[in-house]
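Okay, work_18.cif is below, mmCIF, C-alpha atoms:
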data_input
#
loop_
_atom_site.label_atom_id
_atom_site.label_comp_id
_atom_site.auth_asym_id
_atom_site.auth_seq_id
_atom_site.Cartn_x
_atom_site.Cartn_y
_atom_site.Cartn_z
CA MET A 1 6.02 -13.54 13.26
CA LEU A 2 2.76 -11.58 13.19
CA MET A 3 3.23 -7.81 13.40
CA PHE A 4 -0.15 -7.16 14.96
CA SER A 5 -3.12 -9.08 16.32
CA PRO A 6 -6.56 -8.09 17.61
CA VAL A 7 -7.01 -7.59 21.34
CA LYS A 8 -9.22 -9.96 23.35
CA PRO A 9 -12.89 -10.17 22.23
CA GLU A 10 -14.12 -8.46 25.40
CA ASN A 11 -12.17 -5.34 24.40
CA ARG A 12 -13.93 -5.08 21.02
CA ILE A 13 -14.57 -1.57 19.83
CA LEU A 14 -14.21 -1.82 16.10
CA THR A 15 -14.58 -5.58 15.60
CA GLN A 16 -18.38 -5.35 15.71
CA ILE A 17 -18.55 -2.61 13.07
CA ASN A 18 -19.63 -3.54 9.55
CA PRO A 19 -16.39 -4.20 7.57
CA LEU A 20 -17.75 -2.44 4.46
CA LEU A 21 -18.38 0.61 6.59
CA LYS A 22 -14.80 0.45 7.88
CA ILE A 23 -13.45 0.20 4.33
CA VAL A 24 -15.54 3.18 3.16
CA THR A 25 -14.46 5.19 6.22
CA CYS A 26 -10.79 4.36 5.57
CA ILE A 27 -11.08 5.52 1.95
CA THR A 28 -12.84 8.72 3.07
CA ILE A 29 -10.15 9.46 5.69
CA LEU A 30 -7.44 8.80 3.11
CA SER A 31 -9.06 11.14 0.57
CA VAL A 32 -9.59 13.89 3.18
CA ALA A 33 -5.99 13.53 4.43
CA LEU A 34 -4.64 14.12 0.92
CA LEU A 35 -6.60 17.40 0.70
CA LEU A 36 -5.49 18.82 4.06
CA HIS A 37 -2.70 21.38 4.40
CA LYS A 38 -3.11 22.66 7.99
CA ILE A 39 -1.15 20.96 10.75
CA GLU A 40 -3.94 21.25 13.36
CA ALA A 41 -6.50 19.64 11.02
CA LEU A 42 -4.13 16.75 10.31
CA ILE A 43 -3.42 16.31 14.05
CA ILE A 44 -7.17 16.12 14.76
CA LEU A 45 -7.41 13.36 12.15
CA VAL A 46 -4.32 11.42 13.32
CA VAL A 47 -5.00 11.42 17.07
CA PRO A 48 -8.30 9.42 17.00
CA LEU A 49 -6.77 6.94 14.54
CA LEU A 50 -3.75 6.45 16.79
CA VAL A 51 -5.91 6.08 19.92
CA LEU A 52 -8.17 3.55 18.17
CA LEU A 53 -5.13 1.62 16.98
CA LEU A 54 -3.64 1.49 20.46
CA ILE A 55 -6.83 0.26 22.12
CA SER A 56 -8.08 -2.04 19.35
CA VAL A 57 -4.95 -3.73 18.01
CA ARG A 58 -2.06 -5.27 19.91
CA ILE A 59 1.15 -4.19 18.19
CA LYS A 60 4.59 -5.43 19.13
CA VAL A 61 6.85 -2.84 20.79
CA GLN A 62 9.53 -3.73 18.26
CA VAL A 63 7.19 -2.72 15.38
CA PHE A 64 6.43 0.58 17.15
CA GLY A 65 10.17 1.17 17.48
CA TYR A 66 10.79 0.52 13.77
CA ALA A 67 7.86 2.78 12.82
CA ALA A 68 9.13 5.59 15.09
CA ILE A 69 12.66 5.36 13.63
CA ALA A 70 11.27 5.33 10.06
CA LEU A 71 9.10 8.40 10.77
CA LEU A 72 12.01 10.22 12.40
CA LEU A 73 14.21 9.54 9.37
CA PHE A 74 11.35 10.68 7.11
CA ILE A 75 11.06 13.97 9.07
CA ILE A 76 14.84 14.56 8.96
CA ILE A 77 15.12 13.87 5.22
CA SER A 78 12.05 15.90 4.25
CA THR A 79 13.19 18.83 6.48
CA TRP A 80 16.57 18.70 4.77
CA LEU A 81 14.93 18.63 1.32
CA ARG A 82 12.18 21.25 2.01
CA ASP A 83 11.42 22.84 5.41
CA PHE A 84 10.25 21.73 8.87
CA GLN A 85 6.59 22.71 8.44
CA THR A 86 6.23 20.84 5.13
CA SER A 87 7.98 17.87 6.68
CA VAL A 88 5.53 17.77 9.65
CA ILE A 89 2.54 18.06 7.28
CA SER A 90 3.91 15.24 5.10
CA THR A 91 4.56 13.05 8.16
CA LEU A 92 1.05 13.59 9.54
CA ARG A 93 -0.42 12.88 6.11
CA LEU A 94 1.67 9.73 5.88
CA LEU A 95 0.32 8.62 9.28
CA CYS A 96 -3.26 9.19 8.04
CA VAL A 97 -2.50 6.96 5.07
CA ILE A 98 -0.73 4.23 7.06
CA LEU A 99 -2.81 3.98 10.26
CA PRO A 100 -6.13 2.77 8.78
CA THR A 101 -4.45 -0.38 7.34
CA PRO A 102 -3.46 -2.11 10.63
CA LEU A 103 -6.67 -0.79 12.18
CA LEU A 104 -8.78 -2.44 9.49
CA ALA A 105 -6.69 -5.62 9.33
CA GLY A 106 -6.47 -6.05 13.11
CA THR A 107 -10.17 -5.55 13.79
CA THR A 108 -11.69 -7.56 10.92
CA SER A 109 -11.83 -11.34 10.99
CA PRO A 110 -11.60 -13.22 7.66
CA SER A 111 -15.20 -14.42 8.02
CA ASP A 112 -16.47 -10.85 8.55
CA LEU A 113 -14.52 -9.68 5.54
CA VAL A 114 -15.93 -12.49 3.38
CA ARG A 115 -19.48 -11.63 4.48
CA ALA A 116 -18.86 -7.98 3.65
CA LEU A 117 -17.34 -8.77 0.26
CA GLN A 118 -20.20 -11.12 -0.59
CA ALA A 119 -22.66 -8.39 0.31
CA SER A 120 -20.78 -6.05 -2.05
CA HIS A 121 -21.56 -8.42 -5.01
CA LEU A 122 -17.96 -8.71 -6.21
CA PRO A 123 -17.23 -11.67 -8.54
CA ASN A 124 -16.83 -14.95 -6.60
CA PHE A 125 -13.24 -15.57 -7.68
CA ILE A 126 -12.20 -12.17 -6.30
CA VAL A 127 -14.02 -12.80 -3.00
CA LEU A 128 -12.35 -16.21 -2.59
CA SER A 129 -8.93 -14.84 -3.57
CA LEU A 130 -9.22 -11.92 -1.14
CA MET A 131 -10.32 -14.26 1.64
CA LEU A 132 -7.32 -16.55 1.02
CA ILE A 133 -4.91 -13.60 0.83
CA TRP A 134 -6.32 -12.15 4.07
CA ARG A 135 -6.09 -15.53 5.80
CA PHE A 136 -2.76 -16.83 4.49
CA LEU A 137 -0.59 -13.72 4.02
CA PRO A 138 0.48 -13.70 7.72
CA ILE A 139 1.09 -17.46 7.62
CA ILE A 140 3.27 -17.25 4.51
CA GLN A 141 5.11 -14.31 6.12
CA GLN A 142 5.78 -16.58 9.10
CA GLU A 143 7.07 -19.27 6.75
CA ALA A 144 9.41 -16.73 5.10
CA GLN A 145 10.65 -15.70 8.55
CA ARG A 146 11.30 -19.36 9.46
CA ILE A 147 13.25 -19.90 6.23
CA ILE A 148 15.34 -16.79 6.95
CA GLU A 149 16.03 -18.07 10.48
CA ALA A 150 16.95 -21.52 9.13
CA ASN A 151 19.45 -19.77 6.84
CA TRP A 152 20.91 -17.90 9.85
CA LEU A 153 21.49 -21.23 11.56
CA ARG A 154 23.50 -22.30 8.50
CA GLY A 155 25.50 -19.06 8.63
CA VAL A 156 23.73 -17.44 5.65
CA GLU A 157 22.42 -13.93 6.30
CA ILE A 158 19.86 -13.46 3.52
CA ALA A 159 19.53 -9.68 3.93
CA ARG A 160 23.23 -9.18 3.23
CA GLN A 161 23.59 -11.84 0.55
CA PRO A 162 21.22 -11.12 -2.39
CA LYS A 163 22.89 -13.99 -4.29
CA GLN A 164 21.24 -16.38 -1.83
CA TRP A 165 17.72 -14.94 -2.26
CA PHE A 166 16.71 -17.30 -5.04
CA SER A 167 18.11 -20.61 -3.80
CA GLY A 168 17.98 -19.83 -0.06
CA LEU A 169 14.65 -18.03 0.24
CA PHE A 170 12.46 -18.15 -2.86
CA ILE A 171 12.76 -21.84 -3.79
CA PRO A 172 11.85 -23.14 -0.29
CA LEU A 173 9.17 -20.45 0.08
CA ILE A 174 7.58 -21.40 -3.26
CA PHE A 175 7.57 -25.07 -2.24
CA ARG A 176 5.76 -24.13 0.98
CA ILE A 177 3.29 -21.92 -0.92
CA VAL A 178 2.55 -24.70 -3.43
CA ALA A 179 2.05 -27.15 -0.54
CA TYR A 180 -0.40 -24.73 1.15
CA ALA A 181 -2.23 -24.16 -2.16
CA ASP A 182 -2.62 -27.92 -2.67
CA ASP A 183 -3.81 -28.46 0.92
CA VAL A 184 -6.40 -25.68 0.69
CA THR A 185 -7.60 -26.93 -2.71
CA VAL A 186 -8.04 -30.47 -1.40
CA GLY A 187 -9.74 -29.13 1.75
CA LEU A 188 -12.26 -27.07 -0.21
CA GLU A 189 -12.89 -29.88 -2.73
CA THR A 190 -13.54 -32.46 -0.02
CA ARG A 191 -15.95 -30.08 1.71
CA GLY A 192 -17.80 -29.62 -1.60
CA TYR A 193 -17.11 -25.90 -1.75
CA ASP A 194 -18.81 -24.24 -4.72
CA PRO A 195 -18.31 -20.49 -5.09
CA GLN A 196 -21.43 -20.22 -7.28
CA ALA A 197 -23.75 -21.98 -4.83
CA PRO A 198 -25.85 -19.90 -2.38
CA ARG A 199 -24.38 -20.06 1.12
CA SER A 200 -26.17 -20.07 4.43
CA ASN A 201 -24.98 -17.56 6.99
CA SER A 202 -25.46 -17.74 10.75
CA GLN A 203 -24.48 -14.10 11.20
CA PRO A 204 -25.73 -12.06 8.21
CA LEU A 205 -24.58 -8.48 7.95
CA ARG A 206 -27.04 -6.13 9.65
CA TRP A 207 -27.03 -2.44 10.40
CA ARG A 208 -26.51 -2.11 14.16
CA LEU A 209 -26.52 0.70 16.67
CA GLY A 210 -22.70 0.52 16.77
CA ASP A 211 -22.59 1.17 13.03
CA THR A 212 -24.74 4.30 13.43
CA ILE A 213 -22.51 5.57 16.27
CA PHE A 214 -19.44 4.82 14.15
CA VAL A 215 -20.82 6.67 11.10
CA VAL A 216 -21.89 9.68 13.19
CA SER A 217 -18.49 9.81 14.96
CA ALA A 218 -16.61 9.57 11.66
CA ALA A 219 -18.84 12.27 10.10
CA VAL A 220 -18.27 14.57 13.11
CA LEU A 221 -14.52 13.99 12.88
CA VAL A 222 -14.45 14.77 9.15
CA ALA A 223 -16.68 17.84 9.70
CA VAL A 224 -14.40 19.17 12.48
CA VAL A 225 -11.32 18.56 10.36
CA GLY A 226 -12.99 20.17 7.32
CA SER A 227 -14.05 23.24 9.28
CA LEU A 228 -10.54 23.64 10.71
CA GLU A 229 -9.06 23.42 7.22
CA TRP A 230 -11.50 25.45 5.15
CA ILE A 231 -13.71 27.61 7.45
CA ILE A 232 -11.75 28.76 10.52
CA MET B 1 -6.95 -21.10 -5.26
CA PHE B 2 -3.46 -21.42 -6.72
CA ALA B 3 -3.77 -17.93 -8.24
CA ALA B 4 -4.52 -16.46 -4.78
CA PHE B 5 -1.37 -18.06 -3.34
CA MET B 6 0.71 -16.68 -6.20
CA THR B 7 -0.77 -13.24 -5.41
CA ILE B 8 0.43 -13.73 -1.81
CA GLY B 9 3.90 -14.51 -3.20
CA MET B 10 3.87 -11.27 -5.17
CA ILE B 11 2.87 -9.31 -2.05
CA ILE B 12 5.69 -10.98 -0.06
CA ALA B 13 8.07 -9.96 -2.90
CA VAL B 14 6.95 -6.34 -2.36
CA PHE B 15 7.91 -6.60 1.34
CA ILE B 16 11.28 -8.19 0.50
CA ILE B 17 12.19 -5.67 -2.20
CA GLY B 18 10.70 -2.62 -0.44
CA PRO B 19 13.71 -1.56 1.67
CA PHE B 20 16.18 -2.04 -1.20
CA ALA B 21 14.37 -0.34 -4.11
CA PRO B 22 14.92 3.40 -4.68
CA PRO B 23 11.69 5.48 -4.92
CA GLY B 24 10.19 5.47 -8.43
CA LEU B 25 12.05 2.33 -9.46
CA GLN B 26 10.18 -0.17 -7.27
CA LEU B 27 8.55 -1.88 -10.25
CA LEU B 28 11.94 -2.52 -11.89
CA PHE B 29 13.23 -4.19 -8.74
CA TRP B 30 9.95 -6.01 -8.08
CA SER B 31 9.53 -7.44 -11.60
CA PRO B 32 12.17 -10.24 -11.44
CA LEU B 33 10.75 -11.55 -8.16
CA ALA B 34 7.06 -11.06 -8.96
CA GLY B 35 7.75 -12.58 -12.40
CA ILE B 36 8.62 -15.88 -10.70
CA PHE B 37 5.13 -16.10 -9.16
CA LEU B 38 3.43 -14.83 -12.32
CA THR B 39 5.21 -17.53 -14.39
CA LEU B 40 4.31 -20.22 -11.84
CA GLY B 41 0.67 -19.17 -11.85
CA MET B 42 0.60 -19.15 -15.67
CA ALA B 43 2.25 -22.58 -15.81
CA ARG B 44 -0.14 -24.14 -13.31
CA LEU B 45 -3.39 -22.54 -14.52
CA GLN B 46 -2.40 -22.54 -18.24
CA ARG B 47 -5.64 -20.86 -19.39
CA ARG B 48 -6.16 -17.42 -20.85
CA GLY B 49 -7.17 -15.09 -18.03
CA SER B 50 -4.62 -16.52 -15.56
CA VAL B 51 -2.91 -13.12 -15.19
CA ALA B 52 -6.29 -11.52 -14.44
CA LEU B 53 -6.96 -14.18 -11.78
CA MET B 54 -3.70 -13.33 -10.03
CA ILE B 55 -3.62 -9.56 -10.46
CA LEU B 56 -7.26 -8.46 -10.07
CA PRO B 57 -7.50 -9.45 -6.36
CA LEU B 58 -4.21 -7.61 -5.82
CA ALA B 59 -5.70 -4.61 -7.66
CA VAL B 60 -8.82 -4.66 -5.44
CA LEU B 61 -6.64 -4.82 -2.30
CA LEU B 62 -4.38 -1.98 -3.46
CA GLY B 63 -7.45 -0.07 -4.63
CA LEU B 64 -8.16 0.49 -0.93
CA ILE B 65 -4.98 2.56 -0.82
CA SER B 66 -5.62 4.42 -4.08
CA PRO B 67 -8.22 3.98 -6.85
CA ILE B 68 -5.50 5.03 -9.33
CA ILE B 69 -3.54 1.83 -8.51
CA LEU B 70 -6.72 -0.19 -9.11
CA LEU B 71 -7.23 1.52 -12.47
CA TYR B 72 -3.60 1.11 -13.52
CA LEU B 73 -3.47 -2.59 -12.65
CA ALA B 74 -6.82 -3.20 -14.36
CA VAL B 75 -5.53 -1.49 -17.55
CA THR B 76 -2.29 -3.51 -17.39
CA VAL B 77 -4.18 -6.80 -17.02
CA LEU B 78 -6.51 -5.83 -19.87
CA VAL B 79 -3.58 -5.06 -22.21
CA THR B 80 -1.76 -8.30 -21.31
CA GLU B 81 -4.80 -10.55 -21.58
CA LEU B 82 -5.96 -8.90 -24.81
CA VAL B 83 -2.62 -9.56 -26.51
CA MET B 84 -2.39 -13.08 -25.04
CA PHE B 85 -5.92 -13.80 -26.28
CA PHE B 86 -4.53 -13.67 -29.83
CA LEU B 87 -1.17 -15.34 -29.02
CA GLY B 88 -2.65 -18.35 -27.23
CA ASN B 89 -2.79 -19.81 -23.71
CA TYR B 90 0.03 -20.11 -21.16
CA ARG B 91 0.73 -23.78 -21.77
CA TYR B 92 3.99 -23.04 -23.58
CA LYS B 93 7.16 -21.40 -22.28
CA ILE B 94 7.33 -18.79 -25.04
CA ASN B 95 3.78 -17.57 -24.31
CA ARG B 96 4.62 -17.28 -20.62
CA LEU B 97 7.67 -15.20 -21.56
CA TRP B 98 5.51 -12.88 -23.69
CA GLY B 99 2.95 -12.65 -20.92
CA ASN B 100 5.61 -11.60 -18.39
CA ILE B 101 7.27 -9.05 -20.68
CA LEU B 102 3.92 -7.56 -21.67
CA PHE B 103 2.66 -7.37 -18.12
CA PHE B 104 5.67 -5.61 -16.61
CA ALA B 105 6.38 -3.34 -19.60
CA SER B 106 2.74 -2.21 -19.78
CA ALA B 107 2.63 -1.85 -15.96
CA ASN B 108 5.61 0.49 -16.09
CA LEU B 109 4.33 2.50 -19.05
CA GLY B 110 0.72 2.62 -17.81
CA GLY B 111 1.79 3.50 -14.26
CA LEU B 112 3.94 6.43 -15.35
CA LEU B 113 1.37 7.78 -17.83
CA LEU B 114 -1.59 7.44 -15.43
CA GLY B 115 0.51 8.94 -12.62
CA ALA B 116 1.41 11.94 -14.75
CA TYR B 117 -2.12 12.59 -16.03
CA LEU B 118 -4.33 11.59 -13.08
CA ILE B 119 -2.35 12.70 -10.02
CA LYS B 120 -2.65 16.40 -9.31
CA GLY B 121 -0.21 18.71 -7.52
CA PRO B 122 3.44 18.23 -6.54
CA ARG B 123 3.03 14.44 -6.07
CA ALA B 124 2.80 14.14 -9.87
CA ASP B 125 6.24 15.76 -10.39
CA PRO B 126 8.35 12.56 -10.57
CA PHE B 127 5.85 11.01 -13.03
CA VAL B 128 5.77 14.16 -15.20
CA LYS B 129 9.59 14.20 -15.18
CA PHE B 130 9.69 10.66 -16.63
CA VAL B 131 6.82 11.17 -19.09
CA THR B 132 8.24 14.39 -20.56
CA GLN B 133 11.47 12.57 -21.48
CA PRO B 134 10.48 9.96 -24.12
CA GLY B 135 13.97 8.40 -24.14
CA LEU B 136 13.86 7.78 -20.39
CA LEU B 137 10.28 6.51 -20.58
CA ILE B 138 11.21 3.97 -23.28
CA LEU B 139 14.36 2.94 -21.37
CA LEU B 140 12.38 2.31 -18.16
CA THR B 141 9.71 0.36 -20.09
CA VAL B 142 12.36 -1.81 -21.77
CA LEU B 143 14.08 -2.38 -18.41
CA ALA B 144 10.75 -3.41 -16.85
CA GLY B 145 10.25 -5.87 -19.74
CA ILE B 146 13.77 -7.25 -19.16
CA GLY B 147 12.95 -7.55 -15.44
CA GLY B 148 9.84 -9.54 -16.42
CA ALA B 149 11.97 -11.77 -18.67
CA VAL B 150 14.41 -12.42 -15.80
CA GLY B 151 11.41 -13.29 -13.61
CA TRP B 152 10.21 -15.69 -16.31
CA TRP B 153 13.65 -17.34 -16.49
CA LEU B 154 13.78 -17.78 -12.69
CA GLY B 155 10.16 -18.96 -12.72
CA GLU B 156 10.95 -21.63 -15.31
CA LEU B 157 13.87 -22.82 -13.13
CA VAL B 158 11.45 -23.18 -10.20
CA ILE B 159 8.95 -25.01 -12.44
CA LYS B 160 11.69 -27.54 -13.35
CA GLN B 161 12.38 -28.12 -9.64
CA LEU B 162 8.66 -28.46 -8.90
CA GLN B 163 8.34 -30.94 -11.78
CA ARG B 164 11.17 -33.01 -10.38
CA ALA B 165 9.38 -33.02 -7.02
CA GLY B 166 6.12 -34.06 -8.75
CA LYS B 167 4.32 -30.89 -7.66
CA ILE B 168 3.42 -29.49 -11.07
CA ASP B 169 2.43 -30.91 -14.43
CA VAL B 170 3.30 -28.62 -17.33
CA ASP B 171 4.94 -28.64 -20.78
CA VAL B 172 8.40 -27.05 -20.80
#

Let's see the structure in the file written out as C-alpha cells.
Amino acid sequence: MLMFSPVKPENRILTQINPLLKIVTCITILSVALLLHKIEALIILVVPLLVLLLISVRIKVQVFGYAAIALLLFIIISTWLRDFQTSVISTLRLLCVILPTPLLAGTTSPSDLVRALQASHLPNFIVLSLMLIWRFLPIIQQEAQRIIEANWLRGVEIARQPKQWFSGLFIPLIFRIVAYADDVTVGLETRGYDPQAPRSNSQPLRWRLGDTIFVVSAAVLVAVVGSLEWII
Amino acid sequence: MFAAFMTIGMIIAVFIIGPFAPPGLQLLFWSPLAGIFLTLGMARLQRRGSVALMILPLAVLLGLISPIILLYLAVTVLVTELVMFFLGNYRYKINRLWGNILFFASANLGGLLLGAYLIKGPRADPFVKFVTQPGLLILLTVLAGIGGAVGWWLGELVIKQLQRAGKIDVDV
C-alpha cells in the first residue's frame, strides 16, 4: 500500500525541477527551520510546503488522518510538558522537517534521482544502492503489508503478537527480499550492467528556466522568513 | 545489489519498531531486527567492507535529514570495518557475531557522544543526560551490543532456513 504517489504528469510543478536542487533546498529549509523561534516565521515556511505537497503529491486521506491525529497528540503532550506557545513552535518546526520528505519523494522519479546522483560524483555503489532503495522500498513495504494481511486471514494479528514477528513476518519478508535481490541481480547481469562503464543519457541534467524560478522563489521565501525572525 | 536490499530491510525494521520504541531507546529496540539483515548481508557478501556497503547508502539517505546522522553512521562503519579488517572476513559465524556486536555497540556509544557534543541547545539535553552518567552510558552500550547479538542469532536462524531452501551458500 503506497502512502503517496505523484499526481498526473500534466500537473507537474516540481517534477521538472533538478533533483539536486530540490535536495539542497530541502536541507536549507530544514536548517532554517531549526533556527527559527517565531511562530509567524515558521507559519510562512510551513504554508508553501503544505500547498506544494497538496498540489504536487497525491496523499491518501487515511494518511492525512493519521498525521493529523499524531500532530494533535504531539501538541497535547508538549503543551502538558511545557506551554502552548512552545508546543505550537515545536509542531510547526516538526512540520518543516517532515514535509520536504514526501514532497521530494513524490515528485522525483528514480531515473531523475539516478541522473542527479551521478552528476554529484558519488561512488557508483552508493548511487546503485540508493536507486534500488528508492525503487524497491515501496514494493517491499507492499510485500510486508501483504504478509500482515495473510496473517490476519489466519487469525494472527501481528501488531498485538510480538512473538509472531519473527516467524510470521520477518522470515517470509526476508524470503521475498532475497527473491527480489536475486531477480534484480540476474536482470542487471543479463543486460550487461556495469556501474563503472560510461552511460549514455537521453535526458542529461540541464539548468532550466524552471530551476531559476524555483531557486529565486526559495531564496525569497527564506529571505522573508529570515527578515521576520531576525529583522522585524 | 544484495546489500541494497538488506538496507531496505533495515529501513522497514525502523518502520516496524518505530511506534513501539520509547524515545532515546530506538537503537536498542531496532538492533535485534536490523541485526538480522546485517547478518544476512555479511553471510551473503562475506567480504570485508560488507557493513559499509549496507550502511553507507543508509547514511547518505539519512544525511538528508541531518548531517550529524551521516557523520555518526560513517564513524560507526569505520570503527566496525577497522576492527573486522584485523579479525578477518564475514565468512564465519563468530566474525559475523563480532561484527554485529561492534556495529550496534559503537552506534550507541558514538550516537550518544556525537549527540551530546555536536547538537546545540535544549535538543542536546537527553544526550548530555546519558553522557554525564558513565554507568548508564556503559549499560546502554552493553545492551545495544546484546541487541546486536540477538539480531545475529536470529539472522543465523534465517540463514539456516535460506540454506535449506537453496537460496544462500555460506559456511555455518

Near-region 90-98 of chain A list (6 Å; all atoms listed in the file; drop same-chain fewer than 4 positions) as a PyMOL selection string: chain A and resi 30+33+46

For chain A, the closest of B:Leu61, B:Leu143, B:Leu112, B:Val128 counting all atoms listed in the file is B:Leu61

Using only C-alpha atoms, which chain B residues lie at most 8 Å away from chain A, written as a PyMOL selection string? chain B and resi 1-9+12+53+56-57+61+64-65+158+162+167

Store the residues of this selection in a file with C-alpha atoms, as a PDB file, in the coordinates of the input.
ATOM      1  CA  MET B   1      -6.950 -21.100  -5.260  1.00  0.00           C
ATOM      2  CA  PHE B   2      -3.460 -21.420  -6.720  1.00  0.00           C
ATOM      3  CA  ALA B   3      -3.770 -17.930  -8.240  1.00  0.00           C
ATOM      4  CA  ALA B   4      -4.520 -16.460  -4.780  1.00  0.00           C
ATOM      5  CA  PHE B   5      -1.370 -18.060  -3.340  1.00  0.00           C
ATOM      6  CA  MET B   6       0.710 -16.680  -6.200  1.00  0.00           C
ATOM      7  CA  THR B   7      -0.770 -13.240  -5.410  1.00  0.00           C
ATOM      8  CA  ILE B   8       0.430 -13.730  -1.810  1.00  0.00           C
ATOM      9  CA  GLY B   9       3.900 -14.510  -3.200  1.00  0.00           C
ATOM     10  CA  ILE B  12       5.690 -10.980  -0.060  1.00  0.00           C
ATOM     11  CA  LEU B  53      -6.960 -14.180 -11.780  1.00  0.00           C
ATOM     12  CA  LEU B  56      -7.260  -8.460 -10.070  1.00  0.00           C
ATOM     13  CA  PRO B  57      -7.500  -9.450  -6.360  1.00  0.00           C
ATOM     14  CA  LEU B  61      -6.640  -4.820  -2.300  1.00  0.00           C
ATOM     15  CA  LEU B  64      -8.160   0.490  -0.930  1.00  0.00           C
ATOM     16  CA  ILE B  65      -4.980   2.560  -0.820  1.00  0.00           C
ATOM     17  CA  VAL B 158      11.450 -23.180 -10.200  1.00  0.00           C
ATOM     18  CA  LEU B 162       8.660 -28.460  -8.900  1.00  0.00           C
ATOM     19  CA  LYS B 167       4.320 -30.890  -7.660  1.00  0.00           C
TER      20      LYS B 167
END

At most 10 Å from (-1.1, -2.1, -18.1), file frame, all atoms listed in the file: which residues, as a PyMOL selection string? chain B and resi 71-81+102-111+114

Could you tell me, as an NGL selection string, exactly which residues end up selected when the PyMOL selection byres ((chain B and resi 28-38) around 7) is applied to this structure? :B and (6 or 9-10 or 13-14 or 17 or 21 or 25-27 or 39-42 or 100 or 104 or 143-144 or 147-148 or 150-152 or 154-155)

Write the residues you've just listed into a file as an mmCIF file, in the frame of the given file, and include C-alpha atoms for each of them.
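File written: part_11.cif
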data_model
loop_
_atom_site.group_PDB
_atom_site.id
_atom_site.type_symbol
_atom_site.label_atom_id
_atom_site.label_comp_id
_atom_site.auth_asym_id
_atom_site.auth_seq_id
_atom_site.Cartn_x
_atom_site.Cartn_y
_atom_site.Cartn_z
ATOM 1 C CA MET B 6 0.710 -16.680 -6.200
ATOM 2 C CA GLY B 9 3.900 -14.510 -3.200
ATOM 3 C CA MET B 10 3.870 -11.270 -5.170
ATOM 4 C CA ALA B 13 8.070 -9.960 -2.900
ATOM 5 C CA VAL B 14 6.950 -6.340 -2.360
ATOM 6 C CA ILE B 17 12.190 -5.670 -2.200
ATOM 7 C CA ALA B 21 14.370 -0.340 -4.110
ATOM 8 C CA LEU B 25 12.050 2.330 -9.460
ATOM 9 C CA GLN B 26 10.180 -0.170 -7.270
ATOM 10 C CA LEU B 27 8.550 -1.880 -10.250
ATOM 11 C CA THR B 39 5.210 -17.530 -14.390
ATOM 12 C CA LEU B 40 4.310 -20.220 -11.840
ATOM 13 C CA GLY B 41 0.670 -19.170 -11.850
ATOM 14 C CA MET B 42 0.600 -19.150 -15.670
ATOM 15 C CA ASN B 100 5.610 -11.600 -18.390
ATOM 16 C CA PHE B 104 5.670 -5.610 -16.610
ATOM 17 C CA LEU B 143 14.080 -2.380 -18.410
ATOM 18 C CA ALA B 144 10.750 -3.410 -16.850
ATOM 19 C CA GLY B 147 12.950 -7.550 -15.440
ATOM 20 C CA GLY B 148 9.840 -9.540 -16.420
ATOM 21 C CA VAL B 150 14.410 -12.420 -15.800
ATOM 22 C CA GLY B 151 11.410 -13.290 -13.610
ATOM 23 C CA TRP B 152 10.210 -15.690 -16.310
ATOM 24 C CA LEU B 154 13.780 -17.780 -12.690
ATOM 25 C CA GLY B 155 10.160 -18.960 -12.720
#

Do you have the CA of Ile68 (chain B)-CA of Phe130 (chain B) distance handy?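 So the answer is 17.8 Å.
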
Written as a ChimeraX atom specification, which residues does the PyMOL selection byres ((chain A and resi 25) around 12) give for the file shown? /A:17-24,26-32,49,100-101,103-104,211,214-219,221-222 /B:64

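We find CA of Ser87 (chain A) and CA of Val51 (chain A) to be spaced 22.5 Å apart.
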
Counting only C-alpha atoms, the option among B:Ile138, B:Trp153, B:Ser50, B:Ile69 closest to Gly115 (chain B):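 Nearest to Gly115 (chain B): B:Ile69.
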
Output of the PyMOL selection byres ((chain A and resi 194-206) around 8), listed as a PyMOL selection string: chain A and resi 18+115-116+119+124-125+128+192-193+207-208

Report as a short mmCIF file (atom, residue, chain, number, x, y, z; two decimals) with C-alpha atoms, in the coordinates of the input all protein, DNA and RNA residues lying within 12 Å of Asn151 (chain A), evaluated on only C-alpha atoms, omitting residues in the same chain fewer than 2 positions from it.
data_model
loop_
_atom_site.label_atom_id
_atom_site.label_comp_id
_atom_site.auth_asym_id
_atom_site.auth_seq_id
_atom_site.Cartn_x
_atom_site.Cartn_y
_atom_site.Cartn_z
CA ALA A 144 9.41 -16.73 5.10
CA GLN A 145 10.65 -15.70 8.55
CA ARG A 146 11.30 -19.36 9.46
CA ILE A 147 13.25 -19.90 6.23
CA ILE A 148 15.34 -16.79 6.95
CA GLU A 149 16.03 -18.07 10.48
CA LEU A 153 21.49 -21.23 11.56
CA ARG A 154 23.50 -22.30 8.50
CA GLY A 155 25.50 -19.06 8.63
CA VAL A 156 23.73 -17.44 5.65
CA GLU A 157 22.42 -13.93 6.30
CA ILE A 158 19.86 -13.46 3.52
CA ALA A 159 19.53 -9.68 3.93
CA ARG A 160 23.23 -9.18 3.23
CA GLN A 161 23.59 -11.84 0.55
CA GLN A 164 21.24 -16.38 -1.83
CA TRP A 165 17.72 -14.94 -2.26
CA SER A 167 18.11 -20.61 -3.80
CA GLY A 168 17.98 -19.83 -0.06
CA LEU A 169 14.65 -18.03 0.24
CA PRO A 172 11.85 -23.14 -0.29
#

Quick one, how far is CA of Leu97 (chain B) from CA of Ala149 (chain B)?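 Going from CA of Leu97 (chain B) over to CA of Ala149 (chain B) covers 6.2 Å.
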
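Across B:Leu58, B:Leu45, B:Leu113, B:Leu139, the tightest approach to Asp169 (chain B) is made by B:Leu45 when counting only C-alpha atoms.
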
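Of the listed residues B:Ala116, B:Met54, B:Leu157, B:Ile101, the one whose atoms come nearest to Val142 (chain B) is B:Ile101, with distances taken using all atoms listed in the file.
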